Amino acid sequence: MRKKILFYLNGKRHEVGADKSSMMLAEYLRYDQSLTGTKIVCAEGDCGACSVLRYFPHGIKGSDSDQYLPVNSCITLVAQLDGSSLVTVDVLKNSDNLHEAQKALVNCHGSQCGFCTPGFVMALTGLTEKKLSKGELLITPQEAKNCMTGNLCRCTGYQPIINAAVSMDLSNCESIKTRFFTQEQAKDLNLHFQESVRVESEDFLFFAPKTMEEALLFLKEKPDAKIMGSATDLGVLHNKRKLKITQVLSLHLIQDLYRSEVINDEIHIGARVTLSEFRSFIKDKVPEFAHYLDVFASPQIKNIGTVIGNVANASPIGDTPPALLALNATIKVATMQGEKEISMSEFYLAYRKTSLRPGEIITGLKFPLPLPTSQIRFFKSANRKDLDISSVNFAIKIDWKVDESRKIEDIKIAAGGVGATPLRFKNVEHFLINNAYSQATIENAVVELHKEFKPLSDLRASSAYRHVLIENYFRRFFSEIGGLS
Amino acid sequence: MSLPHDSAHTHVTGESEFIDDRPAMKNELFADIFYSTRAHATIKKIDLTKVFENPKVIAVYTGKDFHDNYWGTIFRDQPILATDKVQYAGEPILLIVAESVEEAQYAKQRVIIDYEDLPCILSIDEAKKHKSFINDSRKIERGDVPIAMPQAPHKIEGKIIIQGHDHFYLESQASIAYPLEDGQIEIHSSSQHPTETQHVVAHALGVPNSHVVCQVKRMGGGFGGKESQAAPFAAMAALAAQQLKRPVRICLTKDDDMIMTGKRNPFENTYKVGFDDQGHILAFDVELFSDAGAYADLSTSIMERAMLHSDNSYYIPHMKVVGQVCKTNHHSHTAFRGFGGPKGVATIEKVIEEIAHYLKKDAVDVRKINLYQDDGEKNLTPYGQIVENNCLNRLVTGLEKKCDYKKRRSEIDVFNKNNNNFVRGLSLTTVKFGISFTTRFLNQANALVIVHTDGSLQVATGATEMGQGVNARISAMVALELGLQRSDVRMMPTRTDKNANTSPTAASAGTDLNGAAALLAARKIKKRLSELALKLFDIPKEKWASKTAGLGTQSEILLDSPNLDVNDPNEGSDWKTGIATYFDIVFKDAYVYHPSHLDKKIEFKYLVHEAYLNRISLSDYAYYKIPGIEFNKITGQGNAFLYFTQGAACSEVSLNRDTGEVKVLRTDILMDLGRSVNEDLDIGQVSGAFIQGLGWVTTENLFYNDQGLLLSHAPSTYKIPNIQDTPRTFNVDLLSNDENYANVRGTKAVGEPPLLLAISAWTAVNNALTYLPSYHNKYPEIRIPATSENVLRAMMPTHFSKWELP
């Protein structure tokens, strides 16, 4: 059993105990290591000023995640970085030479006040790493925008930053991985990754076991411990002093949980699969899901946040739950009595309350592969299109009877932002299955639809807006698929 | 390509130092602020027992601990810490000092406070009803509206509601106070106005100004939000530092910053306009009401600028504008890029669109016939200032052509007939922004230029760097004047012990004022060096001081060095090059020479060394004031501005008919910035200001609870534009204009004016709505910002009313 968290920072080995590993990474960098290039603005993962590069060399080799990826250091506990290799803006310049991303931002005037700049540099360097790993040398404006969706700038209006990214020529660019990730480092991290870790002090406990059995035993011993995927939500609450993270169970050393696979026409996603990894995995299987993930969270969040975290967090405005409800997903749970499964539609009981019992741990989820004939649409509405929490989200999946009668075999409709939990519209589904597919049925279904939810008015949207949005999405779906008599 | 920002290199490497990047001193303490959650209440009791249970909490201060608890830029009406009564939710009450940031933040949660609520005013309507005003209403008037209005063939009445706008500078308010010997305090602050910060600190602590030095290295964004409102936080840090004799740091969290500090003032403007069949505006009667929040801050000045921009680029023969500032129980609103300008301009731009819609004309044609003309009466503003160097016609016709306005208009007409997913709109708006502080005494600046004996320079001015590139421009001007590279000129942090009695870096005038002062100072040195050079070139090199000084073998050269005492930075300079020449001596490429003594060409650094040996001063200080500003606030008449920066923008938007989401498809901008010192930096200011303005008119929605407590106080809930929100096509061009004789080197200020061009996106949203059948005969009523919800509500009002809670 290890007693310390191990990671590499800018090529140097760091082994830290409870006092340091309970800090947020951004604070550790700035106030403990005097690496003040990394900035803190929002402390909630919404602005990207704290972006650093993180390589987690224990995932799937050769995947999109098998490289340094930008993550938000402000909502990441140092403990969570166990086994990682980190690079910050402070060392990007190699002796007197600026990194290509830095050079481009200087030459194209991509920096004004400079406070967001280190974050943009790191996001752009992350894209550079990805490009280099694929042997691509040029960046398109859309790629530039996509890689910096998680970074806010208030000065430049972004255009100079986009220009900078597009101006880059990567043919002379040395990869960060080549520069910072040595063989010895790989060996060292890998060696330590084979062993459980328990870091403990009077007011902080972090435990990461190698097996699920150890995890279950630990939870029995410490029922108040938080199971932490990536802390993209808990970290925010911690920073805003609404909750103090004191006891953490981390599953990051359990290798099985990193798997995404298709078994018997079912998609299985492990509890440690990040949203980015999920997107790559799903993009040719359920393309609609991949598109939907594009307007969900920031790259920095998606690079560390897990699908299961988004599901287990049980927020009524989480973005994956309605989609997974429509796909009829099942949650896989480990208990002291063995494995069990919970249908997503029975998972959410009340506001932030699930049917998971104390001591139980989600190991992953699965859902049937949609048929080639399945029609699927996921909608999301927010005050800002990208990187915003939904006002409502809406998911619908329809399967037709195999005969040519144009009758609905199965339909799943789900939404978020419409009540205390992610919601399945079971009455509407029932109504549609039992009636002829016609404009009149849709009109009546709209009436049913509104009866099935009572949304709140809050700072994101009024209740009326939520009603109108859900109705519009519902109608849009059917007008797009057409064939209404 | 223009030179990069002078800090670009250290920005991208993360080396640039901001307040919280300063290493904490060993004995440094950290403070946090406990603030009100009630809009208006008396404080009955504060219980700190639980706060002090933690031994790491060192001290808690109240307003009573200040020598004088009141501050305010125009009226000294605002407590630094509220004592008996709070007047807005978010108002600071207690300063909690602890050994760490975290301890201070948790301590704040353990304060127990009892309030007794008082009636509160949270809207302009309620303020009007209760006559809750700050200062009397003001008026600017020309012609005779009561006579002209009834005679106009057509009349429209209307109202525009404009919400607030958070600055969202990335670096929140931050100050560190270091106690020095003998009761002195050194403040490092993220402030646009070090002088005011110094004065507020000294006043609050009851020490002479001379005991306080305020230093500003740079800000992580300001945008007006750190013009006045940096000062009280500095005063709080200073109080604790003075009392505890330890350095004290206050760096607000984004949430607390947004909750406590003021925003762009909300406005509600009502208007009546009379016009003829062609769309000529004959009479315009407009009343502006602004929400100042609880205290005056800069709101009266902001209102003045709103009034002075209610004509925008249009000649209106009979016009009356009345402005009234309302006092409410919101955070105290303050300067924000554009000051009042955007609120005046949004109103008249909406009015023009409305006239066009009423007459079934294209709005761009209505704009064109109303633009200020180059001469005659139609070139005179309602406040009696002539629009000199008027480029408006060139801008509008140039942009219309460049952006293919007419063709795109007909494409949009077709698109909107055939698409039920989206509806598009197109609009071209203008800006004519007055440059100068409308408060006359602020139009002054000073600068210190130091030449070191190796030929390198340090320049210090009152201008503070917040990303806009003021330092890059000033250093470029000084370098050019002395024939040097910009890298030879280092801009020093702004410090009140070097540059005192300075004005805030605001009103877009940072470079105009401080650049002129720096140039004047550099020229004083240049003139002395020129005199010396002239003399040197007349004598053999062997007699130069560098060969003889201290040896006692030659008599020293004696030179008169009369001070240059001019106030016109263009005086004596060649208009084309912008460079002044004395005694025909040329400073170029780091050399100094006389055209007829080319053999004696001397490197600048050697000349400087000669000057030192000859006891000629290599440092100088200069003072500059803007001439001819004589606006009479009482009559509302006079030359309010030195000149106008002008521009035009055309935006095309697409509205999602299911969600109301607004997407800007394309924006074209044409700006007149006179003769640019650094074109790329200027274009960066234009695109940055436009996108910031775009946030104001679309996604940025301040959402308050029923106590006026801001709930959208972080980027998770307050949505400034993201990189994906930039227009898909975004063209920024500058008009060639060599004729702004009013300003230093013929430049024009750029900071604020382009923000107002984002109004084109908002009028384009309105234009899109007018394509919907329900708006064929009426003009949409949509507020600023046109959020998705506001847009969808305008599109589907009956759907909304079905679900509206009773």
# chains A, B, ... in the order shown; residues from 1 in each chain; ligands from 1

call {"tool": "residues_around", "arguments": {"residues": "segment 168-173 of chain B", "least_positions_apart": "5", "cutoff": "6 Å", "atoms": "only C-alpha atoms", "output": "NGL selection string"}}
result
(:A and (41)) or (:B and (220-222 or 252 or 254))

call {"tool": "interface_residues", "arguments": {"of": "chain B", "to": "chain A", "cutoff": "6 Å", "atoms": "only C-alpha atoms", "output": "ChimeraX atom specification"}}
result
/B:8,11-14,21,170,220-221,254,466-467,658,684,687-688,691,703,715,723,800,803-804

call {"tool": "select_by_dssp", "arguments": {"residues": "segment 289-526 of chain B", "states": "strand (DSSP E or B)", "output": "MDAnalysis selection string"}}
result
chainID B and resid 289:291 314 318:326 371 380 386 422:435 444:451 457:461 489:491 494:495

call {"tool": "residues_around", "arguments": {"residues": "segment 223-231 of chain A", "least_positions_apart": "4", "cutoff": "10 Å", "atoms": "only C-alpha atoms", "output": "mmCIF file with N, CA and C atoms, in the first residue's frame"}}
result
data_model
loop_
_atom_site.group_PDB
_atom_site.id
_atom_site.type_symbol
_atom_site.label_atom_id
_atom_site.label_comp_id
_atom_site.auth_asym_id
_atom_site.auth_seq_id
_atom_site.Cartn_x
_atom_site.Cartn_y
_atom_site.Cartn_z
ATOM 1 N N ILE A 75 -10.356 22.662 -10.454
ATOM 2 C CA ILE A 75 -11.323 21.767 -9.811
ATOM 3 C C ILE A 75 -10.812 20.330 -9.801
ATOM 4 N N THR A 76 -9.496 20.202 -9.790
ATOM 5 C CA THR A 76 -8.909 18.863 -9.743
ATOM 6 C C THR A 76 -8.046 18.761 -8.495
ATOM 7 N N LEU A 77 -8.394 17.825 -7.625
ATOM 8 C CA LEU A 77 -7.583 17.618 -6.425
ATOM 9 C C LEU A 77 -6.230 17.034 -6.828
ATOM 10 N N GLN A 80 -6.164 13.352 -7.117
ATOM 11 C CA GLN A 80 -6.708 12.723 -8.314
ATOM 12 C C GLN A 80 -5.667 12.545 -9.408
ATOM 13 N N LEU A 81 -4.552 13.233 -9.276
ATOM 14 C CA LEU A 81 -3.561 13.196 -10.340
ATOM 15 C C LEU A 81 -2.556 12.086 -10.142
ATOM 16 N N LEU A 205 -8.756 12.066 3.869
ATOM 17 C CA LEU A 205 -8.498 10.658 3.583
ATOM 18 C C LEU A 205 -8.792 10.396 2.112
ATOM 19 N N PHE A 206 -7.812 9.829 1.451
ATOM 20 C CA PHE A 206 -7.984 9.488 0.031
ATOM 21 C C PHE A 206 -7.553 8.058 -0.153
ATOM 22 N N PHE A 207 -8.464 7.254 -0.652
ATOM 23 C CA PHE A 207 -8.150 5.844 -0.827
ATOM 24 C C PHE A 207 -8.449 5.432 -2.256
ATOM 25 N N ALA A 208 -7.481 4.776 -2.887
ATOM 26 C CA ALA A 208 -7.687 4.241 -4.228
ATOM 27 C C ALA A 208 -7.226 2.789 -4.247
ATOM 28 N N ALA A 215 -12.674 -1.709 -2.561
ATOM 29 C CA ALA A 215 -13.462 -0.483 -2.604
ATOM 30 C C ALA A 215 -14.737 -0.640 -1.782
ATOM 31 N N LEU A 216 -15.403 -1.776 -1.950
ATOM 32 C CA LEU A 216 -16.647 -2.012 -1.216
ATOM 33 C C LEU A 216 -16.389 -2.090 0.292
ATOM 34 N N LEU A 217 -15.306 -2.732 0.647
ATOM 35 C CA LEU A 217 -14.956 -2.844 2.072
ATOM 36 C C LEU A 217 -14.684 -1.462 2.675
ATOM 37 N N PHE A 218 -13.985 -0.653 1.900
ATOM 38 C CA PHE A 218 -13.660 0.700 2.367
ATOM 39 C C PHE A 218 -14.936 1.505 2.610
ATOM 40 N N LEU A 219 -15.870 1.390 1.659
ATOM 41 C CA LEU A 219 -17.122 2.145 1.788
ATOM 42 C C LEU A 219 -17.913 1.708 3.006
ATOM 43 N N GLY A 235 -15.676 19.342 -6.951
ATOM 44 C CA GLY A 235 -14.587 20.319 -6.849
ATOM 45 C C GLY A 235 -15.125 21.741 -6.826
ATOM 46 N N VAL A 236 -16.191 21.969 -7.588
ATOM 47 C CA VAL A 236 -16.802 23.297 -7.615
ATOM 48 C C VAL A 236 -17.416 23.613 -6.256
ATOM 49 N N LEU A 237 -18.157 22.637 -5.727
ATOM 50 C CA LEU A 237 -18.782 22.852 -4.416
ATOM 51 C C LEU A 237 -17.715 23.090 -3.348
ATOM 52 N N HIS A 238 -16.637 22.360 -3.464
ATOM 53 C CA HIS A 238 -15.529 22.521 -2.520
ATOM 54 C C HIS A 238 -14.958 23.937 -2.620
ATOM 55 N N ILE A 245 -14.329 18.567 0.845
ATOM 56 C CA ILE A 245 -13.981 17.195 0.491
ATOM 57 C C ILE A 245 -13.017 16.675 1.550
ATOM 58 N N THR A 246 -13.454 15.662 2.315
ATOM 59 C CA THR A 246 -12.596 15.152 3.379
ATOM 60 C C THR A 246 -12.284 13.669 3.209
ATOM 61 N N GLN A 247 -13.251 12.913 2.686
ATOM 62 C CA GLN A 247 -13.011 11.476 2.514
ATOM 63 C C GLN A 247 -13.350 11.085 1.085
ATOM 64 N N VAL A 248 -12.380 10.544 0.402
ATOM 65 C CA VAL A 248 -12.575 10.249 -1.016
ATOM 66 C C VAL A 248 -12.218 8.800 -1.319
ATOM 67 N N LEU A 249 -13.107 8.186 -2.070
ATOM 68 C CA LEU A 249 -12.783 6.884 -2.648
ATOM 69 C C LEU A 249 -12.594 7.101 -4.141
ATOM 70 N N SER A 250 -11.428 6.725 -4.646
ATOM 71 C CA SER A 250 -11.166 6.900 -6.069
ATOM 72 C C SER A 250 -10.973 5.533 -6.713
ATOM 73 N N LEU A 251 -11.566 5.352 -7.880
ATOM 74 C CA LEU A 251 -11.492 4.055 -8.562
ATOM 75 C C LEU A 251 -10.427 4.065 -9.658
ATOM 76 N N HIS A 252 -9.546 5.065 -9.608
ATOM 77 C CA HIS A 252 -8.663 5.250 -10.761
ATOM 78 C C HIS A 252 -7.636 4.150 -10.969
ATOM 79 N N ALA A 271 -16.877 2.781 -15.569
ATOM 80 C CA ALA A 271 -17.070 3.965 -14.721
ATOM 81 C C ALA A 271 -15.970 5.012 -14.887
ATOM 82 N N ARG A 272 -14.798 4.620 -15.372
ATOM 83 C CA ARG A 272 -13.703 5.581 -15.510
ATOM 84 C C ARG A 272 -13.575 6.129 -16.927
ATOM 85 N N VAL A 273 -14.506 5.789 -17.790
ATOM 86 C CA VAL A 273 -14.418 6.278 -19.169
ATOM 87 C C VAL A 273 -14.785 7.764 -19.201
ATOM 88 N N THR A 274 -13.894 8.565 -19.743
ATOM 89 C CA THR A 274 -14.168 10.000 -19.778
ATOM 90 C C THR A 274 -15.148 10.324 -20.901
ATOM 91 N N ILE A 301 -13.124 19.726 -19.364
ATOM 92 C CA ILE A 301 -13.983 18.917 -18.495
ATOM 93 C C ILE A 301 -14.136 17.522 -19.088
ATOM 94 N N LYS A 302 -14.371 17.471 -20.399
ATOM 95 C CA LYS A 302 -14.620 16.176 -21.026
ATOM 96 C C LYS A 302 -13.380 15.283 -20.999
ATOM 97 N N ASN A 303 -12.220 15.894 -20.895
ATOM 98 C CA ASN A 303 -10.983 15.110 -20.849
ATOM 99 C C ASN A 303 -10.774 14.427 -19.512
ATOM 100 N N ILE A 304 -11.518 14.833 -18.515
ATOM 101 C CA ILE A 304 -11.310 14.230 -17.198
ATOM 102 C C ILE A 304 -12.637 13.740 -16.604
ATOM 103 N N GLY A 305 -13.718 14.435 -16.911
ATOM 104 C CA GLY A 305 -15.038 14.055 -16.411
ATOM 105 C C GLY A 305 -15.503 12.752 -17.032
ATOM 106 N N THR A 306 -16.197 11.948 -16.237
ATOM 107 C CA THR A 306 -16.627 10.636 -16.726
ATOM 108 C C THR A 306 -18.120 10.643 -17.049
ATOM 109 N N VAL A 307 -18.506 9.707 -17.906
ATOM 110 C CA VAL A 307 -19.921 9.534 -18.219
ATOM 111 C C VAL A 307 -20.676 9.160 -16.952
ATOM 112 N N ILE A 308 -20.092 8.226 -16.214
ATOM 113 C CA ILE A 308 -20.773 7.768 -14.996
ATOM 114 C C ILE A 308 -20.887 8.898 -13.980
ATOM 115 N N GLY A 309 -19.903 9.731 -13.908
ATOM 116 C CA GLY A 309 -19.980 10.884 -13.008
ATOM 117 C C GLY A 309 -21.188 11.739 -13.343
ATOM 118 N N ASN A 310 -21.386 11.965 -14.630
ATOM 119 C CA ASN A 310 -22.514 12.790 -15.069
ATOM 120 C C ASN A 310 -23.838 12.122 -14.734
ATOM 121 N N ALA A 312 -24.269 9.682 -12.252
ATOM 122 C CA ALA A 312 -24.419 9.473 -10.815
ATOM 123 C C ALA A 312 -24.665 10.768 -10.061
ATOM 124 N N PRO A 358 -26.537 2.877 0.180
ATOM 125 C CA PRO A 358 -25.222 3.139 0.771
ATOM 126 C C PRO A 358 -24.311 1.924 0.589
ATOM 127 N N GLY A 359 -23.089 2.181 0.287
ATOM 128 C CA GLY A 359 -22.133 1.090 0.136
ATOM 129 C C GLY A 359 -22.070 0.516 -1.263
ATOM 130 N N GLU A 360 -22.980 0.927 -2.150
ATOM 131 C CA GLU A 360 -22.965 0.402 -3.516
ATOM 132 C C GLU A 360 -22.137 1.314 -4.436
ATOM 133 N N ILE A 361 -21.537 0.695 -5.427
ATOM 134 C CA ILE A 361 -20.656 1.459 -6.327
ATOM 135 C C ILE A 361 -21.038 1.182 -7.780
ATOM 136 N N ILE A 362 -21.202 2.265 -8.535
ATOM 137 C CA ILE A 362 -21.500 2.087 -9.965
ATOM 138 C C ILE A 362 -20.216 1.674 -10.690
#

call {"tool": "select_by_dssp", "arguments": {"residues": "segment 398-468 of chain A", "states": "alpha helix (DSSP H)", "output": "ChimeraX atom specification"}}
result
/A:426-433,439-451,463-468

call {"tool": "atom_distance", "arguments": {"atom1": "atom CA of Ser345 of chain A", "atom2": "atom CA of Ala314 of chain A"}}
result
12.2 Å

call {"tool": "residues_around", "arguments": {"residues": "Glu341 of chain A", "least_positions_apart": "4", "cutoff": "6 Å", "atoms": "only C-alpha atoms", "output": "compact mmCIF listing (two decimals) with N, CA and C atoms, in the first residue's frame"}}
result
# COMPACT_ATOMS: atom_id res chain seq x y z
N ILE A 331 -27.77 0.67 -15.49
CA ILE A 331 -26.60 0.98 -14.69
C ILE A 331 -26.11 -0.28 -14.00
N LYS A 332 -24.80 -0.49 -14.07
CA LYS A 332 -24.22 -1.69 -13.46
C LYS A 332 -23.62 -1.30 -12.11
N VAL A 333 -23.96 -2.11 -11.11
CA VAL A 333 -23.61 -1.74 -9.74
C VAL A 333 -22.90 -2.90 -9.05

call {"tool": "residues_around", "arguments": {"residues": "Leu432 of chain A", "least_positions_apart": "6", "cutoff": "9 Å", "atoms": "only C-alpha atoms", "output": "PDB file with C-alpha atoms, in the first residue's frame"}}
result
ATOM      1  CA  ILE A 408     -44.310   2.745 -33.722  1.00  0.00           C
ATOM      2  CA  ILE A 411     -40.421   5.075 -28.446  1.00  0.00           C
ATOM      3  CA  THR A 441     -51.983  11.964 -32.775  1.00  0.00           C
ATOM      4  CA  ILE A 442     -49.045  14.342 -32.508  1.00  0.00           C
ATOM      5  CA  ALA A 445     -49.513  13.895 -27.745  1.00  0.00           C
TER       6      ALA A 445
END

call {"tool": "residues_around", "arguments": {"residues": "Ala237 of chain B", "least_positions_apart": "3", "cutoff": "9 Å", "atoms": "only C-alpha atoms", "output": "compact mmCIF listing (two decimals) with C-alpha atoms, in the first residue's frame"}}
result
# COMPACT_ATOMS: atom_id res chain seq x y z
CA PHE B 30 -5.57 37.30 3.67
CA ALA B 31 -8.86 39.10 3.87
CA LEU B 95 -13.62 42.70 6.65
CA SER B 175 -5.18 44.60 -3.82
CA ILE B 176 -2.27 44.00 -1.51
CA ALA B 177 -1.35 46.57 1.11
CA TYR B 178 2.18 46.63 2.51
CA ILE B 187 -0.73 49.52 -2.27
CA PRO B 232 -12.67 50.62 -1.66
CA PHE B 233 -11.06 47.18 -1.75
CA ALA B 234 -7.63 48.79 -1.60
CA ALA B 240 -5.99 45.88 7.98
CA ALA B 241 -2.33 46.42 7.02
CA GLN B 242 -2.22 49.66 8.98
CA PRO B 247 0.83 42.86 4.56
CA VAL B 248 -2.79 42.10 3.72
CA ARG B 249 -4.08 40.69 0.47
CA ILE B 250 -7.63 40.87 -0.88
